[in-house]
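Student: Please see the structure below; I have some questions.
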Amino acid sequence: MGFAKTASWFSVLGGESKVAKLDVDSMDPVDAMERGFVRVFAREEVKPETAEAPKRKMNVQRSEDRLCHVLYDENLEKVLEARTTAQGIQVFAARGDSKMYSDIPAFTLTHDKDRKNWTVASSFCENCAYHSPLNSCKNKGGQTLAYVRHSKEEIGEGMAMCMDVDIPQIGDFWCPSCQSSDDARIELSSLRPKWNEKLKSLCMDFKGRVEEASAKNFQLCLDDKAILVYGKKANGTFCLEFAHPLSTVQAFTIALSTMYWT
């Protein structure tokens with residue numbers, strides 16, 4: 001994460017290739033970004049979990065004003081921090097010594113007027129991060145990491161909040177500057193609750209992983225397998241458990257899209 005120590009540009013003069021090295025760490029952060037020398041932030045958090053990896057079990061701490069969410073890993077170390085603004089949600093890399101951490105978001109989560117359709121985007125993609133701003137995805141919203149669609153469904157005598165999510169196929173990417181297609185996608189859908197006639201309410205089995213009732217509790221499934229579980233704990237934090245094919249930032253931002261569910 002952070003800046004590369006050096007960056008190179010190549011030119012050919014008189015048939016001879018020459019390489020010039022620039023000390024990116026000595027550059028002003030915004031100037032470095034504008035010149036295309038900033039690496040992809042939170043690189044590890046963008047990588048999808050492998051099929052063989054155990055399920056990640058993290059926690060989300062929400063501020064009292066509900067405008068800030070911090071993601072902690074299994075070692076209780078900060079991983080990502082999300083700040084809600086009038087323009088949407090900005091997500092910052094929260095570890096390492098990135099000079100961009102406090103000023104420029106690594107990821108953004110935006111929504112439409114009705115807060116039903118959400119887009120998760122990265123500030124850069126590795127395919128065009130070193131291009132000039134005119135030739136990179138920076139001025140086009142960045143690389144898309146997920147599309148999230150919310151809906152309400154009548155189940156029994158209740159109304160359930162539901163979501164459907166599209167993410168790129170493993171090894172694929174959705175970048176507006178790299179001519180990639182978003183046709184290659186993995187489709188995910190939230191597990192629908194069941195109406196309990198005895199309790200006269202909607203119910204869902206979280207297998208002990210969720211400790212308190214909340215409108216934001218949900219499970220996201222690939223086919224019939226739950227690959228993301230988000231739910232409220234007794235101490236006011238939220239558990240975030242996820243597995244292949246999701247990445248850390250995808251799991252975190254998809255969960256954050258429920259912040260307006262009531």
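Here's how to read the names in the structure tokens: chain A, B, ... by the order shown, residue numbers from 1 in each chain, ligand numbers from 1 in the order shown.
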Please list as a list in words every residue within 6 Å of Cys137 (chain A), counting only C-alpha atoms and excluding residues in the same chain fewer than 4 positions away.

Tutor: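 These residues fall inside the cut-off: Gly142, Pro176 and Ser177 of chain A.
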
Student: So that I can check the surroundings of Ala51 (chain A), please list as a list in words every protein, DNA and RNA residue that reaches within 10 Å of it, counting only C-alpha atoms and ignoring chain neighbours fewer than 6 positions away.

Tutor: Ala243, His244, Pro245 and Leu246 of chain A

Student: So how many Å separate CA of Glu211 (chain A) and CA of Gln61 (chain A), to one decimal?

Tutor: 15.0 Å

Student: Please determine, counting only C-alpha atoms, which residue among A:Thr108, A:Thr144, A:Thr248, A:Ser122 has the shortest atom-to-atom distance to Asp73 (chain A).

Tutor: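 Among A:Thr108, A:Thr144, A:Thr248, A:Ser122, it is A:Thr248 that comes nearest to Asp73 (chain A).
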
Student: What lies within 12 Å of region 215-223 of chain A using only C-alpha atoms, ignoring chain neighbours under 5 positions off, as a PyMOL selection string?

Tutor: chain A and resi 148+159-167+186-193+202-207+209-210+228-233+237-246+250-251+254-262

Student: Go ahead and dump the residues you just picked, C-alpha atoms, as a short mmCIF file (atom, residue, chain, number, x, y, z; two decimals), in the first residue's frame.

Tutor:
```cif
data_model
loop_
_atom_site.label_atom_id
_atom_site.label_comp_id
_atom_site.auth_asym_id
_atom_site.auth_seq_id
_atom_site.Cartn_x
_atom_site.Cartn_y
_atom_site.Cartn_z
CA VAL A 148 -25.92 -3.59 -5.31
CA MET A 159 -42.16 -6.96 4.42
CA ALA A 160 -38.54 -8.07 3.99
CA MET A 161 -35.56 -5.97 2.93
CA CYS A 162 -33.62 -7.83 0.21
CA MET A 163 -30.62 -7.26 -2.02
CA ASP A 164 -29.08 -8.60 -5.20
CA VAL A 165 -25.39 -8.06 -5.92
CA ASP A 166 -23.22 -8.39 -9.03
CA ILE A 167 -19.43 -8.64 -8.75
CA ILE A 186 -21.07 -13.41 -10.36
CA GLU A 187 -24.65 -12.95 -9.19
CA LEU A 188 -25.38 -13.01 -5.47
CA SER A 189 -28.68 -12.71 -3.65
CA SER A 190 -29.68 -12.23 -0.02
CA LEU A 191 -31.31 -15.10 1.83
CA ARG A 192 -35.01 -14.43 2.22
CA PRO A 193 -36.50 -14.76 5.71
CA LEU A 202 -40.19 -12.73 9.80
CA CYS A 203 -37.42 -15.03 11.03
CA MET A 204 -33.98 -16.08 9.80
CA ASP A 205 -31.53 -18.57 11.28
CA PHE A 206 -28.07 -17.03 11.75
CA LYS A 207 -26.76 -20.12 13.56
CA ARG A 209 -23.54 -15.64 14.81
CA VAL A 210 -25.93 -12.70 15.31
CA LEU A 228 -21.49 -13.08 3.70
CA VAL A 229 -23.14 -12.71 7.10
CA TYR A 230 -23.68 -9.29 8.64
CA GLY A 231 -25.44 -8.84 11.94
CA LYS A 232 -25.61 -6.92 15.17
CA LYS A 233 -23.81 -8.11 18.29
CA THR A 237 -20.83 -3.74 16.99
CA PHE A 238 -21.61 -5.79 13.90
CA CYS A 239 -20.06 -9.08 12.86
CA LEU A 240 -18.89 -9.35 9.26
CA GLU A 241 -18.14 -12.88 8.08
CA PHE A 242 -17.33 -13.52 4.45
CA ALA A 243 -15.64 -15.98 2.12
CA HIS A 244 -14.73 -16.65 -1.53
CA PRO A 245 -15.37 -15.07 -3.99
CA LEU A 246 -15.75 -11.80 -2.07
CA GLN A 250 -16.62 -5.83 -1.32
CA ALA A 251 -17.92 -7.47 1.86
CA ILE A 254 -22.03 -4.33 0.58
CA ALA A 255 -22.77 -4.48 4.30
CA LEU A 256 -22.61 -0.68 4.58
CA SER A 257 -25.27 -0.32 1.88
CA THR A 258 -27.84 -1.46 4.48
CA MET A 259 -27.26 1.63 6.66
CA TYR A 260 -30.63 3.09 5.62
CA TRP A 261 -32.62 -0.12 6.15
CA THR A 262 -35.29 0.32 8.81
#
```

Student: Can you measure CA of Thr84 (chain A) to CA of Leu67 (chain A) for me? One decimal in Å is fine.

Tutor: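 Those two atoms sit 5.0 Å apart.
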
Student: Here is a test: counting only C-alpha atoms, which residue of A:Glu49, A:Pro168, A:Ile104, A:Ala213 is nearest to Ile227 (chain A)?

Tutor: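 Using only C-alpha atoms, the shortest distance to Ile227 (chain A) belongs to A:Glu49.
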
Student: Compare A:Pro48, A:Gly156, A:Gly236, A:Gly88 by their minimum atom-to-atom distance to Leu199 (chain A), counting only C-alpha atoms, and give me the closest one.

Tutor: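 Under the stated criterion, the closest residue is A:Gly156.
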
Student: One decimal, in Å: what's the spacing between CA of Glu74 (chain A) and CA of His150 (chain A)?

Tutor: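 Separation between CA of Glu74 (chain A) and CA of His150 (chain A): 29.0 Å.
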
Student: DSSP on the backbone: which residues in region 90-245 of chain A end up as strand (DSSP E or B)? Give the answer as an NGL selection string.

Tutor: :A and (90-93 or 107-111 or 117-122 or 143-155 or 158-168 or 174 or 185-190 or 194-196 or 201-203 or 212 or 218-222 or 225-232 or 238-242)

Student: Write out the residues from the selection above, keeping C-alpha atoms, as an mmCIF file, in the first residue's frame.

Tutor:
```cif
data_model
loop_
_atom_site.group_PDB
_atom_site.id
_atom_site.type_symbol
_atom_site.label_atom_id
_atom_site.label_comp_id
_atom_site.auth_asym_id
_atom_site.auth_seq_id
_atom_site.Cartn_x
_atom_site.Cartn_y
_atom_site.Cartn_z
ATOM 1 C CA GLN A 90 -15.912 7.257 1.247
ATOM 2 C CA VAL A 91 -13.721 4.346 2.333
ATOM 3 C CA PHE A 92 -10.120 4.826 3.418
ATOM 4 C CA ALA A 93 -7.297 2.353 3.899
ATOM 5 C CA PHE A 107 -12.985 3.415 -2.501
ATOM 6 C CA THR A 108 -16.387 5.038 -2.883
ATOM 7 C CA LEU A 109 -19.905 3.766 -2.351
ATOM 8 C CA THR A 110 -22.554 5.823 -4.145
ATOM 9 C CA HIS A 111 -26.307 5.443 -4.509
ATOM 10 C CA ASN A 117 -29.078 1.117 -6.473
ATOM 11 C CA TRP A 118 -25.499 1.289 -5.200
ATOM 12 C CA THR A 119 -22.123 1.212 -6.916
ATOM 13 C CA VAL A 120 -18.838 0.264 -5.259
ATOM 14 C CA ALA A 121 -15.802 1.739 -7.013
ATOM 15 C CA SER A 122 -12.049 1.826 -6.506
ATOM 16 C CA GLN A 143 -12.925 0.725 -11.384
ATOM 17 C CA THR A 144 -16.292 -0.809 -10.452
ATOM 18 C CA LEU A 145 -16.102 -3.531 -7.788
ATOM 19 C CA ALA A 146 -19.798 -4.263 -7.274
ATOM 20 C CA TYR A 147 -23.361 -3.293 -8.122
ATOM 21 C CA VAL A 148 -25.916 -3.595 -5.309
ATOM 22 C CA ARG A 149 -29.698 -3.427 -5.764
ATOM 23 C CA HIS A 150 -32.121 -3.177 -2.835
ATOM 24 C CA SER A 151 -35.766 -4.150 -2.871
ATOM 25 C CA LYS A 152 -38.661 -4.991 -0.576
ATOM 26 C CA GLU A 153 -40.567 -8.249 -0.781
ATOM 27 C CA GLU A 154 -43.830 -9.203 0.884
ATOM 28 C CA ILE A 155 -43.343 -12.500 2.703
ATOM 29 C CA GLY A 158 -44.345 -9.073 6.696
ATOM 30 C CA MET A 159 -42.156 -6.957 4.421
ATOM 31 C CA ALA A 160 -38.536 -8.071 3.985
ATOM 32 C CA MET A 161 -35.562 -5.974 2.929
ATOM 33 C CA CYS A 162 -33.624 -7.827 0.211
ATOM 34 C CA MET A 163 -30.621 -7.262 -2.019
ATOM 35 C CA ASP A 164 -29.081 -8.598 -5.197
ATOM 36 C CA VAL A 165 -25.391 -8.056 -5.920
ATOM 37 C CA ASP A 166 -23.224 -8.386 -9.032
ATOM 38 C CA ILE A 167 -19.434 -8.641 -8.751
ATOM 39 C CA PRO A 168 -16.826 -9.300 -11.473
ATOM 40 C CA TRP A 174 -14.758 -3.606 -14.719
ATOM 41 C CA ARG A 185 -20.240 -11.416 -13.466
ATOM 42 C CA ILE A 186 -21.068 -13.412 -10.364
ATOM 43 C CA GLU A 187 -24.649 -12.949 -9.187
ATOM 44 C CA LEU A 188 -25.382 -13.007 -5.472
ATOM 45 C CA SER A 189 -28.680 -12.706 -3.652
ATOM 46 C CA SER A 190 -29.685 -12.230 -0.025
ATOM 47 C CA LYS A 194 -39.492 -16.961 6.476
ATOM 48 C CA TRP A 195 -42.748 -15.940 8.034
ATOM 49 C CA ASN A 196 -43.255 -17.501 11.456
ATOM 50 C CA SER A 201 -42.898 -12.119 12.382
ATOM 51 C CA LEU A 202 -40.194 -12.729 9.801
ATOM 52 C CA CYS A 203 -37.420 -15.033 11.028
ATOM 53 C CA GLU A 212 -29.427 -8.892 18.441
ATOM 54 C CA PHE A 218 -28.699 -10.208 6.421
ATOM 55 C CA GLN A 219 -27.034 -13.145 4.700
ATOM 56 C CA LEU A 220 -25.776 -12.955 1.113
ATOM 57 C CA CYS A 221 -25.681 -16.202 -0.827
ATOM 58 C CA LEU A 222 -23.966 -17.653 -3.873
ATOM 59 C CA LYS A 225 -24.351 -21.062 0.246
ATOM 60 C CA ALA A 226 -24.131 -18.043 2.552
ATOM 61 C CA ILE A 227 -20.844 -16.284 1.751
ATOM 62 C CA LEU A 228 -21.493 -13.077 3.695
ATOM 63 C CA VAL A 229 -23.136 -12.713 7.095
ATOM 64 C CA TYR A 230 -23.676 -9.286 8.644
ATOM 65 C CA GLY A 231 -25.443 -8.843 11.942
ATOM 66 C CA LYS A 232 -25.613 -6.918 15.171
ATOM 67 C CA PHE A 238 -21.608 -5.786 13.897
ATOM 68 C CA CYS A 239 -20.059 -9.077 12.860
ATOM 69 C CA LEU A 240 -18.891 -9.349 9.265
ATOM 70 C CA GLU A 241 -18.140 -12.876 8.083
ATOM 71 C CA PHE A 242 -17.327 -13.515 4.447
#
```

Student: When distances are computed from only C-alpha atoms, which of A:Cys128, A:Met58, A:Val249, A:Ile170 shows the smallest separation from Ala82 (chain A)?

Tutor: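 Smallest distance to Ala82 (chain A) is found for A:Val249.
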
Student: Would you list the contacts of Glu81 (chain A) as a ChimeraX atom specification, taking every protein, DNA or RNA residue within 10 Å and counting only C-alpha atoms, but skipping same-chain residues closer than 6 positions in sequence?

Tutor: /A:60-61,68-72,90-95,101,105-106,252

Student: Print the selection's residues with C-alpha atoms to a file, as a compact mmCIF listing (two decimals), in the first residue's frame.

Tutor:
```txt
# COMPACT_ATOMS: atom_id res chain seq x y z
CA VAL A 60 -17.55 -3.34 12.31
CA GLN A 61 -17.66 -0.55 14.89
CA CYS A 68 -18.37 6.48 10.58
CA HIS A 69 -17.82 2.72 10.36
CA VAL A 70 -14.48 1.09 11.11
CA LEU A 71 -13.64 -2.45 10.03
CA TYR A 72 -11.40 -4.51 12.34
CA GLN A 90 -15.91 7.26 1.25
CA VAL A 91 -13.72 4.35 2.33
CA PHE A 92 -10.12 4.83 3.42
CA ALA A 93 -7.30 2.35 3.90
CA ALA A 94 -6.68 2.26 7.64
CA ARG A 95 -3.33 0.52 7.95
CA TYR A 101 -4.99 7.86 4.00
CA PRO A 105 -10.56 7.73 -0.33
CA ALA A 106 -9.41 4.40 -1.67
CA PHE A 252 -17.52 -4.27 3.88
```

Student: Under the rule that only C-alpha atoms are counted, which of A:Thr253, A:Asp172, A:Asp65, A:Ser214 is the nearest residue to Ile89 (chain A)?

Tutor: A:Thr253

Student: To test your reading of the structure, identify every residue in region 120-249 of chain A that backbone DSSP assigns to helix (DSSP H, G or I), and report it as a count of residues only.

Tutor: 8
